[in-house]
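The next block is entry_37.pdb, given as PDB, C-alpha atoms.
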MODEL        1
ATOM      1  CA  MET A   1     169.341 132.301  52.731
ATOM      2  CA  ALA A   2     168.734 129.642  50.133
ATOM      3  CA  ARG A   3     170.474 128.772  46.939
ATOM      4  CA  VAL A   4     168.586 128.413  43.698
ATOM      5  CA  VAL A   5     170.362 126.891  40.716
ATOM      6  CA  VAL A   6     169.495 127.803  37.147
ATOM      7  CA  ASP A   7     170.953 125.491  34.506
ATOM      8  CA  VAL A   8     170.971 126.798  30.959
ATOM      9  CA  MET A   9     171.713 124.351  28.146
ATOM     10  CA  LEU A  10     171.473 124.657  24.384
ATOM     11  CA  LYS A  11     168.358 122.942  23.056
ATOM     12  CA  PRO A  12     169.068 119.403  21.814
ATOM     13  CA  GLU A  13     168.531 120.397  18.187
ATOM     14  CA  ILE A  14     171.042 123.250  18.368
ATOM     15  CA  LEU A  15     174.633 122.490  17.414
ATOM     16  CA  ASP A  16     176.989 122.731  20.387
ATOM     17  CA  PRO A  17     180.521 123.333  19.098
ATOM     18  CA  GLN A  18     182.004 123.705  22.595
ATOM     19  CA  GLY A  19     180.643 120.349  23.664
ATOM     20  CA  GLN A  20     181.761 118.762  20.402
ATOM     21  CA  ALA A  21     185.270 120.088  20.852
ATOM     22  CA  VAL A  22     185.414 118.489  24.298
ATOM     23  CA  GLN A  23     183.952 115.221  23.036
ATOM     24  CA  ARG A  24     186.397 114.951  20.145
ATOM     25  CA  ALA A  25     189.364 115.628  22.365
ATOM     26  CA  LEU A  26     188.506 112.855  24.822
ATOM     27  CA  PRO A  27     189.759 109.779  22.885
ATOM     28  CA  ARG A  28     193.014 111.596  22.171
ATOM     29  CA  LEU A  29     193.382 112.180  25.897
ATOM     30  CA  GLY A  30     192.714 108.547  26.723
ATOM     31  CA  PHE A  31     189.061 108.738  27.723
ATOM     32  CA  ALA A  32     186.881 106.396  25.706
ATOM     33  CA  GLY A  33     183.226 105.502  26.119
ATOM     34  CA  ILE A  34     181.690 108.957  26.118
ATOM     35  CA  SER A  35     179.410 109.364  23.144
ATOM     36  CA  ASP A  36     178.281 112.950  23.548
ATOM     37  CA  VAL A  37     179.145 116.068  25.496
ATOM     38  CA  ARG A  38     177.009 119.186  25.833
ATOM     39  CA  GLN A  39     178.282 122.294  27.550
ATOM     40  CA  GLY A  40     176.059 124.837  29.208
ATOM     41  CA  LYS A  41     175.911 127.390  31.971
ATOM     42  CA  ARG A  42     175.106 127.062  35.634
ATOM     43  CA  PHE A  43     173.992 130.034  37.718
ATOM     44  CA  GLU A  44     173.905 129.886  41.505
ATOM     45  CA  LEU A  45     171.612 132.535  42.967
ATOM     46  CA  GLU A  46     171.676 133.314  46.685
ATOM     47  CA  VAL A  47     168.135 134.319  47.524
ATOM     48  CA  ASP A  48     167.280 136.456  50.543
ATOM     49  CA  GLY A  49     164.281 135.199  52.436
ATOM     50  CA  PRO A  50     162.204 132.110  51.846
ATOM     51  CA  VAL A  51     162.149 130.381  48.487
ATOM     52  CA  ASP A  52     158.418 129.935  48.107
ATOM     53  CA  GLU A  53     156.363 129.525  44.953
ATOM     54  CA  ALA A  54     156.294 133.295  44.399
ATOM     55  CA  ALA A  55     160.068 133.581  44.642
ATOM     56  CA  LEU A  56     160.542 130.653  42.277
ATOM     57  CA  ALA A  57     158.110 132.177  39.809
ATOM     58  CA  ARG A  58     160.127 135.389  39.853
ATOM     59  CA  ILE A  59     163.347 133.489  39.329
ATOM     60  CA  ARG A  60     161.817 131.544  36.459
ATOM     61  CA  GLU A  61     160.838 134.854  34.868
ATOM     62  CA  LEU A  62     164.356 136.167  35.450
ATOM     63  CA  ALA A  63     165.891 133.061  33.886
ATOM     64  CA  GLU A  64     163.580 133.240  30.909
ATOM     65  CA  THR A  65     164.093 136.923  30.189
ATOM     66  CA  PHE A  66     167.664 137.368  31.192
ATOM     67  CA  LEU A  67     169.789 134.268  31.850
ATOM     68  CA  ALA A  68     168.675 132.121  28.934
ATOM     69  CA  ASN A  69     168.066 132.853  25.284
ATOM     70  CA  THR A  70     164.949 130.758  24.967
ATOM     71  CA  VAL A  71     165.140 130.729  21.182
ATOM     72  CA  ILE A  72     168.123 128.390  21.379
ATOM     73  CA  GLU A  73     168.393 127.445  25.056
ATOM     74  CA  ASP A  74     166.402 125.503  27.648
ATOM     75  CA  PHE A  75     166.665 126.222  31.325
ATOM     76  CA  THR A  76     165.778 124.514  34.563
ATOM     77  CA  VAL A  77     165.277 126.141  37.953
ATOM     78  CA  ARG A  78     165.662 124.193  41.176
ATOM     79  CA  VAL A  79     166.330 124.794  44.821
ATOM     80  CA  GLU A  80     169.631 123.264  45.757
ATOM     81  CA  GLU A  81     169.390 120.669  48.481
ATOM     82  CA  SER A  82     172.244 119.851  50.816
ATOM     83  CA  ALA A  83     175.658 119.552  49.214
ATOM     84  CA  GLU A  84     176.104 116.578  46.910
ATOM     85  CA  GLU A  85     179.778 117.067  46.213
ATOM     86  CA  VAL A  86     181.767 114.151  44.956
ATOM     87  CA  ALA A  87     185.018 115.989  44.466
ATOM     88  CA  PRO A  88     186.468 118.944  46.357
TER      89      PRO A  88
ATOM     90  CA  MET B  89     173.226 105.056  28.150
ATOM     91  CA  ALA B  90     173.450 107.222  31.217
ATOM     92  CA  ARG B  91     174.041 110.893  31.697
ATOM     93  CA  VAL B  92     176.686 112.182  34.038
ATOM     94  CA  VAL B  93     176.747 115.869  34.910
ATOM     95  CA  VAL B  94     179.926 117.715  35.783
ATOM     96  CA  ASP B  95     179.412 121.144  37.322
ATOM     97  CA  VAL B  96     182.420 123.438  37.358
ATOM     98  CA  MET B  97     182.266 126.573  39.489
ATOM     99  CA  LEU B  98     184.891 129.119  40.478
ATOM    100  CA  LYS B  99     186.102 128.549  44.022
ATOM    101  CA  PRO B 100     184.291 130.775  46.553
ATOM    102  CA  GLU B 101     187.409 132.856  47.184
ATOM    103  CA  ILE B 102     187.911 133.617  43.479
ATOM    104  CA  LEU B 103     186.324 136.769  42.084
ATOM    105  CA  ASP B 104     183.542 136.012  39.609
ATOM    106  CA  PRO B 105     183.041 139.045  37.366
ATOM    107  CA  GLN B 106     180.430 137.315  35.179
ATOM    108  CA  GLY B 107     178.288 136.500  38.191
ATOM    109  CA  GLN B 108     178.777 139.996  39.590
ATOM    110  CA  ALA B 109     177.680 141.536  36.319
ATOM    111  CA  VAL B 110     174.475 139.514  36.444
ATOM    112  CA  GLN B 111     173.888 140.318  40.100
ATOM    113  CA  ARG B 112     174.336 144.045  39.602
ATOM    114  CA  ALA B 113     172.005 144.107  36.645
ATOM    115  CA  LEU B 114     169.136 142.445  38.516
ATOM    116  CA  PRO B 115     167.812 145.421  40.544
ATOM    117  CA  ARG B 116     167.869 147.552  37.406
ATOM    118  CA  LEU B 117     165.761 144.902  35.708
ATOM    119  CA  GLY B 118     163.281 144.790  38.553
ATOM    120  CA  PHE B 119     164.489 141.694  40.394
ATOM    121  CA  ALA B 120     165.286 142.375  44.031
ATOM    122  CA  GLY B 121     166.191 139.998  46.825
ATOM    123  CA  ILE B 122     169.087 138.164  45.213
ATOM    124  CA  SER B 123     172.251 138.816  47.172
ATOM    125  CA  ASP B 124     174.803 136.915  45.118
ATOM    126  CA  VAL B 125     175.170 135.258  41.738
ATOM    127  CA  ARG B 126     177.933 132.896  40.686
ATOM    128  CA  GLN B 127     178.232 131.679  37.126
ATOM    129  CA  GLY B 128     179.877 128.427  36.149
ATOM    130  CA  LYS B 129     179.843 125.671  33.595
ATOM    131  CA  ARG B 130     177.769 122.544  33.303
ATOM    132  CA  PHE B 131     178.872 119.592  31.200
ATOM    133  CA  GLU B 132     176.486 116.781  30.298
ATOM    134  CA  LEU B 133     178.327 113.600  29.344
ATOM    135  CA  GLU B 134     176.495 110.709  27.684
ATOM    136  CA  VAL B 135     178.283 107.611  28.882
ATOM    137  CA  ASP B 136     178.193 104.319  26.978
ATOM    138  CA  GLY B 137     177.651 101.348  29.224
ATOM    139  CA  PRO B 138     177.029 101.242  32.939
ATOM    140  CA  VAL B 139     178.021 104.101  35.211
ATOM    141  CA  ASP B 140     179.734 102.138  37.932
ATOM    142  CA  GLU B 141     182.397 103.256  40.394
ATOM    143  CA  ALA B 142     185.158 102.696  37.813
ATOM    144  CA  ALA B 143     183.397 104.827  35.211
ATOM    145  CA  LEU B 144     182.782 107.582  37.746
ATOM    146  CA  ALA B 145     186.426 107.487  38.811
ATOM    147  CA  ARG B 146     187.465 107.945  35.192
ATOM    148  CA  ILE B 147     185.058 110.828  34.757
ATOM    149  CA  ARG B 148     186.339 112.448  37.934
ATOM    150  CA  GLU B 149     189.871 112.191  36.549
ATOM    151  CA  LEU B 150     188.671 113.661  33.261
ATOM    152  CA  ALA B 151     186.955 116.543  35.040
ATOM    153  CA  GLU B 152     189.993 117.237  37.166
ATOM    154  CA  THR B 153     192.515 117.167  34.330
ATOM    155  CA  PHE B 154     190.486 118.576  31.524
ATOM    156  CA  LEU B 155     187.139 120.192  32.330
ATOM    157  CA  ALA B 156     188.116 122.172  35.420
ATOM    158  CA  ASN B 157     191.099 124.277  36.284
ATOM    159  CA  THR B 158     191.449 123.069  39.847
ATOM    160  CA  VAL B 159     193.665 125.979  40.813
ATOM    161  CA  ILE B 160     190.664 128.301  40.636
ATOM    162  CA  GLU B 161     187.676 125.997  40.122
ATOM    163  CA  ASP B 162     185.804 123.308  42.049
ATOM    164  CA  PHE B 163     183.866 120.588  40.317
ATOM    165  CA  THR B 164     181.201 118.059  41.212
ATOM    166  CA  VAL B 165     180.373 114.855  39.362
ATOM    167  CA  ARG B 166     176.979 113.211  39.640
ATOM    168  CA  VAL B 167     174.768 110.822  37.777
ATOM    169  CA  GLU B 168     171.673 112.601  36.596
ATOM    170  CA  GLU B 169     168.450 111.116  37.893
ATOM    171  CA  SER B 170     165.164 111.415  36.082
ATOM    172  CA  ALA B 171     164.363 114.818  34.627
ATOM    173  CA  GLU B 172     163.706 117.568  37.141
ATOM    174  CA  GLU B 173     162.714 120.232  34.674
ATOM    175  CA  VAL B 174     160.726 123.157  35.931
ATOM    176  CA  ALA B 175     160.643 125.100  32.696
ATOM    177  CA  PRO B 176     160.542 123.899  29.095
TER     178      PRO B 176
ENDMDL
END
Represent the structure from my file as structure tokens, please.
Amino acid sequence: MARVVVDVMLKPEILDPQGQAVQRALPRLGFAGISDVRQGKRFELEVDGPVDEAALARIRELAETFLANTVIEDFTVRVEESAEEVAP
Amino acid sequence: MARVVVDVMLKPEILDPQGQAVQRALPRLGFAGISDVRQGKRFELEVDGPVDEAALARIRELAETFLANTVIEDFTVRVEESAEEVAP
């Protein structure tokens, strides 16, 4: 069983009010030095069987037709390597 | 200017109705072989200046106090390497 991660973010030219709200709140909360925040979605898919090119192609199709609205959003598909956790 | 990514996901033991809704819809839409879907949030922070240990510590504090609800969510903080885009 492998994990495939699909990240869906608004395209750079699309206004991101959620991200802006976070960014504007930061100085008030004592966090300076962050010039932009964008907020998007992360999907973790547990895939049965091997994640070969065919499986990734299917997942890309799934992401394009179903997880992302490609008019306003970009997505990336990647196989997650071993855990890279920094915080619990 | 560097980009730091904060991923916020529900803890494994917390029910994820959004992810379940996606997972249940997949067979109907012709995508088999995906046994679980979890949906979370991805924040992209554009950081002014160098991303050293101090900056990462601040961002971890920010994520813990502000971006994630650590009662029900886990988060990871990482510096984004060069683009790993699979789809446009």
Checklist entry - Which residues match the PyMOL selection byres ((chain B and resi 146) around 12) in the file above, as a list in words? => result Leu26, Leu29, Gly30, Phe31, Ala32, Gly33 and Ile34 of chain A; Val92, Val135, Val139, Asp140, Glu141, Ala142, Ala143, Leu144, Ala145, Ile147, Arg148, Glu149, Leu150, Ala151, Glu152, Thr153, Phe154 and Val165 of chain B
Could you write out as a VMD selection string the residues of chain A within 7 Å of chain B, counting all atoms listed in the file?
chain A and resid 33 to 48 74 to 77 85 to 88
Report task. Taking (190.5, 129.5, 43.3) in the file's own coordinates, collect the residues within 7 Å, counting all atoms listed in the file, and hand them back as JSON, numbers by chain. Result -> {"B": [98, 99, 101, 102, 159, 160, 161]}
Atomic separation - atom CA of Glu80 of chain A relative to atom CA of Pro50 of chain A, Å:
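For atom CA of Pro50 of chain A relative to atom CA of Glu80 of chain A, the distance reads 13.1 Å.
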For segment 43-48 of chain A, I'd like the enclosing box, axis-aligned and padded by 5 Å on every side, reported as lines of an AutoDock Vina configuration file with centre and edge lengths in Å to one decimal.
center_x = 170.6
center_y = 133.2
center_z = 44.1
size_x = 16.7
size_y = 16.6
size_z = 22.8
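Relative to atom CA of Asn69 of chain A, atom CA of Val167 of chain B is found at 26.2 Å.
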Atom CA of Pro17 of chain A to atom CA of Pro100 of chain B measures 28.7 Å
